[in-house]
Structures are given as structure tokens and as C-alpha cells.
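> Sharing final.cif here; it has mmCIF, C-alpha atoms and all ligand atoms.
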```cif
data_target
#
loop_
_atom_site.label_atom_id
_atom_site.label_comp_id
_atom_site.auth_asym_id
_atom_site.auth_seq_id
_atom_site.Cartn_x
_atom_site.Cartn_y
_atom_site.Cartn_z
CA MET Z 1 -3.50 12.50 -5.96
CA ARG Z 2 -3.97 16.24 -5.77
CA ILE Z 3 -1.05 18.45 -4.79
CA LEU Z 4 -0.96 22.18 -4.09
CA LEU Z 5 2.27 23.76 -5.27
CA VAL Z 6 3.09 27.10 -3.63
CA GLU Z 7 6.01 28.78 -5.36
CA ASP Z 8 6.42 32.38 -6.49
CA ASP Z 9 9.36 31.67 -8.80
CA THR Z 10 7.59 31.17 -12.12
CA ALA Z 11 10.33 29.16 -13.81
CA LEU Z 12 10.75 26.83 -10.84
CA GLY Z 13 6.99 26.43 -10.38
CA GLU Z 14 6.54 25.63 -14.05
CA GLY Z 15 9.42 23.13 -13.86
CA ILE Z 16 8.02 21.33 -10.84
CA ARG Z 17 4.55 21.16 -12.30
CA THR Z 18 5.84 19.78 -15.59
CA ALA Z 19 7.94 17.19 -13.78
CA LEU Z 20 5.09 15.96 -11.59
CA LYS Z 21 2.33 15.68 -14.18
CA PRO Z 22 3.58 12.42 -15.75
CA GLU Z 23 3.80 10.91 -12.25
CA GLY Z 24 0.03 10.90 -12.06
CA TYR Z 25 -0.36 13.88 -9.74
CA THR Z 26 -2.90 16.62 -10.26
CA VAL Z 27 -0.90 19.75 -9.51
CA ASP Z 28 -2.57 23.07 -8.71
CA TRP Z 29 -0.25 26.02 -8.40
CA VAL Z 30 -0.51 29.30 -6.47
CA GLN Z 31 2.18 31.94 -6.18
CA ASP Z 32 1.53 33.70 -2.89
CA GLY Z 33 0.96 32.72 0.71
CA SER Z 34 -2.51 34.04 1.18
CA SER Z 35 -3.84 32.20 -1.90
CA ALA Z 36 -2.15 29.08 -0.57
CA LEU Z 37 -3.84 29.34 2.80
CA HIS Z 38 -7.18 29.97 1.15
CA ALA Z 39 -6.84 26.97 -1.17
CA LEU Z 40 -5.67 24.61 1.58
CA THR Z 41 -8.45 25.75 3.89
CA HIS Z 42 -11.30 25.44 1.41
CA GLU Z 43 -10.29 22.55 -0.80
CA SER Z 44 -8.75 19.17 -0.22
CA PHE Z 45 -5.24 18.25 -1.25
CA GLU Z 46 -3.25 15.13 -0.44
CA LEU Z 47 -0.07 17.19 -0.07
CA ALA Z 48 1.38 20.70 -0.31
CA ILE Z 49 4.78 21.79 -1.59
CA LEU Z 50 5.42 25.08 0.16
CA ASP Z 51 8.10 27.65 -0.61
CA LEU Z 52 8.96 29.78 2.43
CA GLY Z 53 9.81 33.12 0.82
CA LEU Z 54 6.45 34.20 -0.63
CA PRO Z 55 4.59 37.45 -1.29
CA ARG Z 56 1.48 38.39 0.72
CA MET Z 57 2.18 35.91 3.54
CA ASP Z 58 5.35 33.92 4.00
CA GLY Z 59 5.35 30.15 3.95
CA LEU Z 60 6.02 29.86 7.64
CA GLN Z 61 2.90 31.88 8.46
CA VAL Z 62 0.86 29.72 6.10
CA LEU Z 63 2.09 26.62 7.88
CA LYS Z 64 1.41 28.04 11.33
CA HIS Z 65 -2.14 28.98 10.37
CA LEU Z 66 -2.76 25.53 8.92
CA ARG Z 67 -1.53 23.66 11.95
CA ALA Z 68 -3.27 26.03 14.34
CA ALA Z 69 -6.48 25.08 12.52
CA ALA Z 70 -5.56 21.38 12.93
CA ASN Z 71 -5.22 20.94 9.17
CA PRO Z 72 -3.20 17.71 8.80
CA VAL Z 73 -2.19 18.05 5.13
CA PRO Z 74 1.39 16.80 4.67
CA VAL Z 75 3.69 19.71 3.82
CA LEU Z 76 7.04 19.59 2.08
CA VAL Z 77 8.88 22.87 2.57
CA LEU Z 78 11.26 24.32 -0.02
CA THR Z 79 14.02 26.47 1.44
CA ALA Z 80 17.06 28.35 0.20
CA ARG Z 81 20.42 26.68 0.65
CA ASP Z 82 21.87 28.81 3.43
CA SER Z 83 18.94 29.27 5.71
CA THR Z 84 19.34 26.66 8.43
CA SER Z 85 17.18 28.71 10.76
CA ASP Z 86 14.35 28.70 8.18
CA ARG Z 87 14.50 24.92 7.96
CA ILE Z 88 14.34 24.50 11.70
CA ALA Z 89 11.54 27.03 11.95
CA GLY Z 90 9.68 25.17 9.19
CA LEU Z 91 9.94 21.84 10.95
CA ASP Z 92 8.97 23.43 14.24
CA ALA Z 93 5.94 24.97 12.59
CA GLY Z 94 4.74 21.56 11.44
CA ALA Z 95 6.41 20.82 8.10
CA ASP Z 96 6.73 17.09 7.40
CA ASP Z 97 9.88 17.33 5.33
CA TYR Z 98 12.01 19.90 3.56
CA LEU Z 99 14.14 20.19 0.47
CA ILE Z 100 16.93 22.67 -0.09
CA LYS Z 101 17.05 24.68 -3.32
CA PRO Z 102 18.38 23.96 -5.83
CA PHE Z 103 17.22 20.37 -5.74
CA ASP Z 104 17.12 17.47 -8.13
CA VAL Z 105 13.63 16.78 -9.41
CA ASP Z 106 14.08 13.03 -8.86
CA GLU Z 107 14.76 13.71 -5.22
CA LEU Z 108 11.61 15.80 -5.03
CA LYS Z 109 9.61 12.92 -6.50
CA ALA Z 110 11.13 10.44 -4.05
CA ARG Z 111 10.34 12.72 -1.07
CA LEU Z 112 6.76 13.13 -2.26
CA ARG Z 113 6.30 9.39 -2.59
CA ALA Z 114 7.69 8.85 0.91
CA LEU Z 115 5.48 11.56 2.38
CA LEU Z 116 2.38 10.26 0.67
CA ARG Z 117 3.14 6.73 1.75
CA ARG Z 118 3.51 7.87 5.35
CA SER Z 119 0.33 9.87 5.30
CA PHE Z 120 -1.68 7.14 3.59
CA ASN Z 121 -0.37 4.48 5.92
CA ARG Z 122 -1.55 6.65 8.76
CA ALA Z 123 -4.91 7.47 7.25
CA GLN Z 124 -5.68 4.28 5.38
CA PRO Z 125 -3.31 1.66 4.01
CA ALA Z 126 -4.74 -0.30 1.10
CA LEU Z 127 -8.47 -0.08 0.38
CA GLU Z 128 -10.62 -3.19 0.13
CA TYR Z 129 -14.16 -3.08 -1.19
CA ARG Z 130 -16.29 -5.96 -2.50
CA GLY Z 131 -13.39 -7.84 -4.07
CA ILE Z 132 -11.62 -4.70 -5.27
CA SER Z 133 -8.33 -3.75 -3.66
CA ILE Z 134 -6.43 -0.54 -4.23
CA ASP Z 135 -2.94 0.50 -3.23
CA PRO Z 136 -3.10 4.29 -3.35
CA ILE Z 137 0.67 4.71 -3.63
CA SER Z 138 1.60 2.18 -6.30
CA GLN Z 139 -1.83 2.79 -7.87
CA ALA Z 140 -2.23 -0.95 -8.29
CA VAL Z 141 -5.79 -2.25 -8.54
CA ASN Z 142 -6.89 -5.85 -8.17
CA PHE Z 143 -10.33 -7.29 -8.71
CA GLN Z 144 -11.05 -10.87 -7.65
CA GLY Z 145 -7.35 -11.64 -7.79
CA GLN Z 146 -6.79 -10.12 -11.23
CA VAL Z 147 -4.73 -7.01 -11.91
CA VAL Z 148 -6.85 -4.24 -13.43
CA ASN Z 149 -5.04 -1.47 -15.27
CA LEU Z 150 -7.03 1.70 -14.98
CA PRO Z 151 -6.37 4.99 -16.73
CA ARG Z 152 -5.33 7.65 -14.25
CA LYS Z 153 -8.65 9.50 -14.04
CA GLU Z 154 -10.57 6.28 -13.48
CA PHE Z 155 -8.13 5.32 -10.77
CA LEU Z 156 -8.54 8.68 -9.03
CA LEU Z 157 -12.31 8.48 -9.22
CA LEU Z 158 -12.43 4.92 -7.89
CA HIS Z 159 -10.07 5.84 -5.08
CA GLU Z 160 -12.09 8.89 -4.04
CA LEU Z 161 -15.29 6.86 -3.92
CA LEU Z 162 -13.96 3.73 -2.21
CA ALA Z 163 -12.19 5.82 0.43
CA GLN Z 164 -15.56 7.10 1.64
CA PRO Z 165 -18.22 4.42 1.22
CA GLY Z 166 -21.72 5.51 2.13
CA ARG Z 167 -20.95 9.16 1.53
CA VAL Z 168 -22.27 11.08 -1.45
CA LEU Z 169 -19.45 12.90 -3.23
CA THR Z 170 -20.58 15.93 -5.16
CA ARG Z 171 -19.75 16.39 -8.80
CA ASP Z 172 -17.74 19.51 -7.90
CA LYS Z 173 -15.59 17.70 -5.39
CA LEU Z 174 -14.93 14.80 -7.74
CA GLN Z 175 -14.09 17.08 -10.63
CA GLN Z 176 -11.61 18.94 -8.45
CA ALA Z 177 -9.99 15.73 -7.31
CA LEU Z 178 -9.65 14.50 -10.88
CA TYR Z 179 -8.87 17.60 -12.84
CA GLY Z 180 -7.54 20.40 -10.67
CA TRP Z 181 -8.28 23.94 -11.69
CA ASP Z 182 -6.90 24.38 -15.13
CA GLU Z 183 -7.59 21.21 -17.06
CA GLU Z 184 -10.26 21.44 -19.71
CA LEU Z 185 -13.26 19.39 -18.73
CA GLU Z 186 -15.90 17.91 -21.00
CA SER Z 187 -19.28 18.29 -19.36
CA ASN Z 188 -19.98 14.54 -19.35
CA ALA Z 189 -16.45 13.44 -18.41
CA LEU Z 190 -17.45 12.15 -14.98
CA GLU Z 191 -20.35 10.14 -16.38
CA VAL Z 192 -18.01 8.52 -18.87
CA HIS Z 193 -15.53 7.51 -16.16
CA VAL Z 194 -18.34 6.15 -13.98
CA HIS Z 195 -19.66 4.17 -16.92
CA HIS Z 196 -16.24 2.62 -17.52
CA LEU Z 197 -15.77 1.72 -13.87
CA ARG Z 198 -19.17 0.01 -13.72
CA LYS Z 199 -18.27 -2.02 -16.79
CA LYS Z 200 -14.83 -3.00 -15.49
CA PHE Z 201 -16.06 -4.03 -12.04
CA PHE Z 202 -19.79 -4.44 -11.59
CA ALA Z 203 -22.89 -2.54 -12.61
CA ASP Z 204 -24.04 -1.53 -9.14
CA LEU Z 205 -20.60 -0.43 -7.92
CA ILE Z 206 -21.37 3.27 -8.15
CA ARG Z 207 -24.72 4.79 -7.44
CA THR Z 208 -25.83 8.03 -9.10
CA VAL Z 209 -27.51 10.55 -6.85
CA ARG Z 210 -29.30 12.64 -9.40
CA GLY Z 211 -28.41 16.32 -9.38
CA VAL Z 212 -25.85 15.82 -6.61
CA GLY Z 213 -23.12 13.32 -7.34
CA TYR Z 214 -22.10 9.71 -6.77
CA LEU Z 215 -21.50 7.22 -4.01
CA VAL Z 216 -20.58 3.63 -3.34
CA ASP Z 217 -22.78 1.92 -0.76
CA LYS Z 218 -21.40 0.93 2.59
CA VAL Z 219 -20.95 -2.84 2.89
CA CA W 1 10.24 32.31 -3.09
#
```
For the structure just supplied, provide its representation as C-alpha cells.
Ligand code: CA


Amino acid sequence: MRILLVEDDTALGEGIRTALKPEGYTVDWVQDGSSALHALTHESFELAILDLGLPRMDGLQVLKHLRAAANPVPVLVLTARDSTSDRIAGLDAGADDYLIKPFDVDELKARLRALLRRSFNRAQPALEYRGISIDPISQAVNFQGQVVNLPRKEFLLLHELLAQPGRVLTRDKLQQALYGWDEELESNALEVHVHHLRKKFFADLIRTVRGVGYLVDKV
């Protein structure tokens, strides 16, 4: 679950990122509006947390550009306490929810879960594939009726692949989905995760496309 955090307040940004990591989110963080728009336009995120008062392009402009380009990424806006007009403008510009600063981090987590649930229910509820079922929100995995506990990276990889059967996912895209920008990455990390998934489910679950990436076949 990859989230883009857009917040120019360093202490707050650091705090949010630290709070979300143990929840199983991959959090990438930018501190100005134009970097945010660039990241959201060129990479894929499941959700964005967007501050409104930002250098280089304010949050409202970012949101307007996104929606004008039909980018459906769910956006949670962060606003200052007294700016009712900002909140309304944010919702009008296509924000999915907002939170007023200062906020409790548990409330932020609850709002994120609700937003993700809504967006996943819209896009795809639970995934079913050859006896494997995945609930993307609770991160529960079942295989032939048995619960399978997967480490977070394996879960993310399996989810990425099963969400798009028949489509080759490049190594770059998968690495971004699993690790974000600033996590150290061993060069064979993906291979190791793929190996584990094949062992836990079945050997021909994931096909290697040499030099490109991986896919699961359409059934
Ligand atoms: Ca700000």
C-alpha cells in the first residue's frame, strides 16, 4: 500500500511517516506542490495525504491538476484549524476527505483505512486467484481454505501481481510498490520474495519474464 505524503512541515511530515510505517504502508514524502504533482502523475500510489499550504504550488492547485487529468487517486487533505473556506475549496476540488490540524494520529490512521476501503471496494473488493484469496485492507490471505501469514513485502508483491493477471509488471514498478524511494534494496530482493511465494503457494504461480519482470497468467 503505497502512500504519497505531501507536507512541508518537516516535524509533522516525519511524525506522520513514522506513525504510518508500522501499519504496513510504504510512505514516500515530498515537501512541495510541484514535486507532489510530478510524483502523482508519473508513479502510482494508492492514496495521497495532501497539505494545502505548500511551497511552489499550493495543495489546491495540485488537486485541481490531478482531477483535471482524471487522476482518481484518493486524496486526504490536511488543513489548518480555522480555514473553513480551504476545506470547502478542497472538497470542491476533488478531495475525498480532510483532517484539521492538529490531529490525532489514530484518527489519521482510521481515515486512511476508511478511504482505502472505499477506493478498493470501488476498484476491486477481495481478489480471488486459483484458490488464493486476498483482502487488500485487512491484508488477510487464504489459500485453499487455510490462513497464510505473509510478511509485508510478500503480501504487497502478491497483491500487485494478482490484481493484474496476464500483465507483465516490470521490476522497476514492483520495486517501487514494495520499497518506495528511500528504502535500501538488495539487488536480488525481488527474486527472493518471488521464490518464497512460489514455495508457499505453487511453483507456477509467478512467471519470470527474463530481463523485464514478472506476471501471473490469466485464468
Ligand atoms: Ca504547510

> What residues have any atom no more than 12 Å from ligand CA 1 (chain W) when counting all atoms listed in the file, and can you list them as a PyMOL selection string?

chain Z and resi 5-13+30-33+49-60+77-80+101-102

> What gap, in Å, lies between atom CA of Gly166 of chain Z and atom CA of His42 of chain Z?

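Atom-to-atom, atom CA of Gly166 of chain Z and atom CA of His42 of chain Z are spaced 22.5 Å apart.
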
> Counting all atoms listed in the file, select every polymer residue within 9 Å of (-14.6, 14.6, -8.0) as defined in the file's coordinates, and provide the selection as a list in words.

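Protein and nucleic acid residues near the point are Leu156, Leu157, Glu160, Leu161, Leu169, Thr170, Arg171, Asp172, Lys173, Leu174, Gln175, Gln176, Ala177, Leu178, Tyr179, Leu190 and Gly213 of chain Z.
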
> Between Z:Tyr129, Z:Phe120, Z:Phe155, Z:Trp181, which is the closest to Glu43 of chain Z once you count only C-alpha atoms?

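Nearest to Glu43 of chain Z: Z:Trp181.
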
> Can you pull out every residue within 8 Å of segment 90-98 of chain Z, counting all atoms listed in the file, but drop anything in the same chain fewer than 2 positions away, and send it as number ranges by chain?

Z: 60, 63-64, 67, 74-79, 86-88, 100, 111, 115

> Mind dumping the selected residues with C-alpha atoms as a PDB file, in the frame of the given file?


```
ATOM      1  CA  LEU Z  60       6.020  29.860   7.640  1.00  0.00           C
ATOM      2  CA  LEU Z  63       2.090  26.620   7.880  1.00  0.00           C
ATOM      3  CA  LYS Z  64       1.410  28.040  11.330  1.00  0.00           C
ATOM      4  CA  ARG Z  67      -1.530  23.660  11.950  1.00  0.00           C
ATOM      5  CA  PRO Z  74       1.390  16.800   4.670  1.00  0.00           C
ATOM      6  CA  VAL Z  75       3.690  19.710   3.820  1.00  0.00           C
ATOM      7  CA  LEU Z  76       7.040  19.590   2.080  1.00  0.00           C
ATOM      8  CA  VAL Z  77       8.880  22.870   2.570  1.00  0.00           C
ATOM      9  CA  LEU Z  78      11.260  24.320  -0.020  1.00  0.00           C
ATOM     10  CA  THR Z  79      14.020  26.470   1.440  1.00  0.00           C
ATOM     11  CA  ASP Z  86      14.350  28.700   8.180  1.00  0.00           C
ATOM     12  CA  ARG Z  87      14.500  24.920   7.960  1.00  0.00           C
ATOM     13  CA  ILE Z  88      14.340  24.500  11.700  1.00  0.00           C
ATOM     14  CA  ILE Z 100      16.930  22.670  -0.090  1.00  0.00           C
ATOM     15  CA  ARG Z 111      10.340  12.720  -1.070  1.00  0.00           C
ATOM     16  CA  LEU Z 115       5.480  11.560   2.380  1.00  0.00           C
TER      17      LEU Z 115
END
```

> From the options Z:Leu20, Z:Gly211, Z:Lys218, Z:Arg167, which residue's atoms come nearest to Glu107 of chain Z, counting all atoms listed in the file?

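Of Z:Leu20, Z:Gly211, Z:Lys218, Z:Arg167, the one nearest Glu107 of chain Z is Z:Leu20, counting all atoms listed in the file.
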
> Show me as an MDAnalysis selection string the residues that reach within 12 Å of (2.3, 1.1, -2.9), counting only C-alpha atoms and using the file's own coordinates.

chainID Z and resid 113:114 116:118 120:121 124:127 133:141

> For atom CA of Lys153 of chain Z and atom CA of Ser44 of chain Z, quote the distance in Å rounded to one decimal.

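Interatomic distance here is 16.9 Å.
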
> What is the distance, in Å and to one decimal place, between atom CA of Ala48 of chain Z and atom CA of Glu23 of chain Z?

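If I compute the distance from atom CA of Ala48 of chain Z to atom CA of Glu23 of chain Z, I get 15.6 Å.
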
> Taking all atoms listed in the file into account, name the residue in Z:Leu47, Z:Met1, Z:Leu150, Z:Ala19 that is nearest to Phe201 of chain Z.

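Ranked by minimum distance to Phe201 of chain Z, first place goes to Z:Leu150.
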
> I need the residue nearest Val192 of chain Z from this list: Z:Leu108, Z:Leu37, Z:Ala70, Z:Glu154. Use all atoms listed in the file for the distance.

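So, comparing all the options, the nearest one is Z:Glu154.
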